[in-house]
Every structure is written in C-alpha cells, then in structure tokens.
Amino acid sequence: MSTIEPAASSAETGRGAAFAVYILYLLSIPSAAVFALVGVIVAYMSRADASPLARSHLDHQIRTWWTAFWWTVGVIVLSIVGTLLTVVLIGFPIIWLAGLIGLIIFVWFTVISLLGLLALIDGRPR
C-alpha cells in the first residue's frame, strides 16, 4: 500500500504549483499585475520537477505571461507616441486605440487563465 502512494503523489507533482499560478494570475487583476509577476516566477521555479500534466500547464502559463508582457510593452509605447502626438491632435485616437488594445489584453489574460484553471481541475493538459 505504501508503494501506491508515492506513485500517486509523483503523478501530481507540480499540480499544486500550477493551481497556485492560475490563482495568482486571476488575483493579478486587482493587484496591477504584481501577482502575475509572482505567478510567472513560481511557474519558472516549479516546472523542472513537474509531472507532464503540470509541466504543460506551467509552460502554458509562462507563454501566456510573456505574450501579455510584450503586448503590454507595445501598448505603453503606443501610448507614449499618442501622448507626444496630441500636439497635432492625431494622438487622441492613438491613445484611445492603446486603451482598447490594453482592455483586450486584460480580458484575454483573464479568460486564458480561467480556462487553464478549469482544464487543470479537469485533469486536461494545456
């Protein structure tokens, strides 16, 4: 009976970390993305010894964070350009566009995190 328990626990290695990262990603909404940064650090630290299921989730979480990060950098650059161009009035639509893209990134990150959490709970890989 004791030989079955280690096999069951090794199959679950990293699943708790993947769950924690999804929760941190979802809690990053009110924390101005501070928890998302903590979540990606946890994902990087936990993926080395994770089971295949947990590893797929942790890799997906890391990819999701980097995608959102680089799109956010692009939105910040677009906002700066828009702010500089407000002198000639073309900057206002650019700032509006940057805000819209930022909202889309925010919604996308939230939905992807929620769908990933549901897949983890169901035992499906990402």
# chains A, B, ... in the order shown; residues from 1 in each chain; ligands from 1
$ residues_around --residues "Ser56 in chain A" --least-positions-apart "5" --cutoff "12 Å" --atoms "only C-alpha atoms" --output "number ranges by chain"
A: 14-15, 18, 43, 46-48, 50-51, 61-63, 116, 119-120, 123-126
$ select_by_dssp --residues "chain A" --states "alpha helix (DSSP H)" --output "PyMOL selection string"
chain A and resi 4-11+15-27+34-46+52-84+91-122
$ closest_residue --among "A:Ala98, A:Val77, A:Ala68, A:Met45" --to "Ala33 in chain A" --atoms "only C-alpha atoms"
A:Ala68
$ residues_around --residues "Gly74 in chain A" --least-positions-apart "4" --cutoff "10 Å" --atoms "only C-alpha atoms" --output "list in words"
Ala68, Phe69, Trp70, Leu78, Ser79, Ile80, Ala98, Ile101 and Gly102 of chain A
$ residues_around --residues "Val34 in chain A" --least-positions-apart "6" --cutoff "10 Å" --atoms "only C-alpha atoms" --output "NGL selection string"
:A and (24-25 or 27-28)
$ atom_distance --atom1 "CA of Ser113 in chain A" --atom2 "CA of Tyr22 in chain A"
5.8 Å
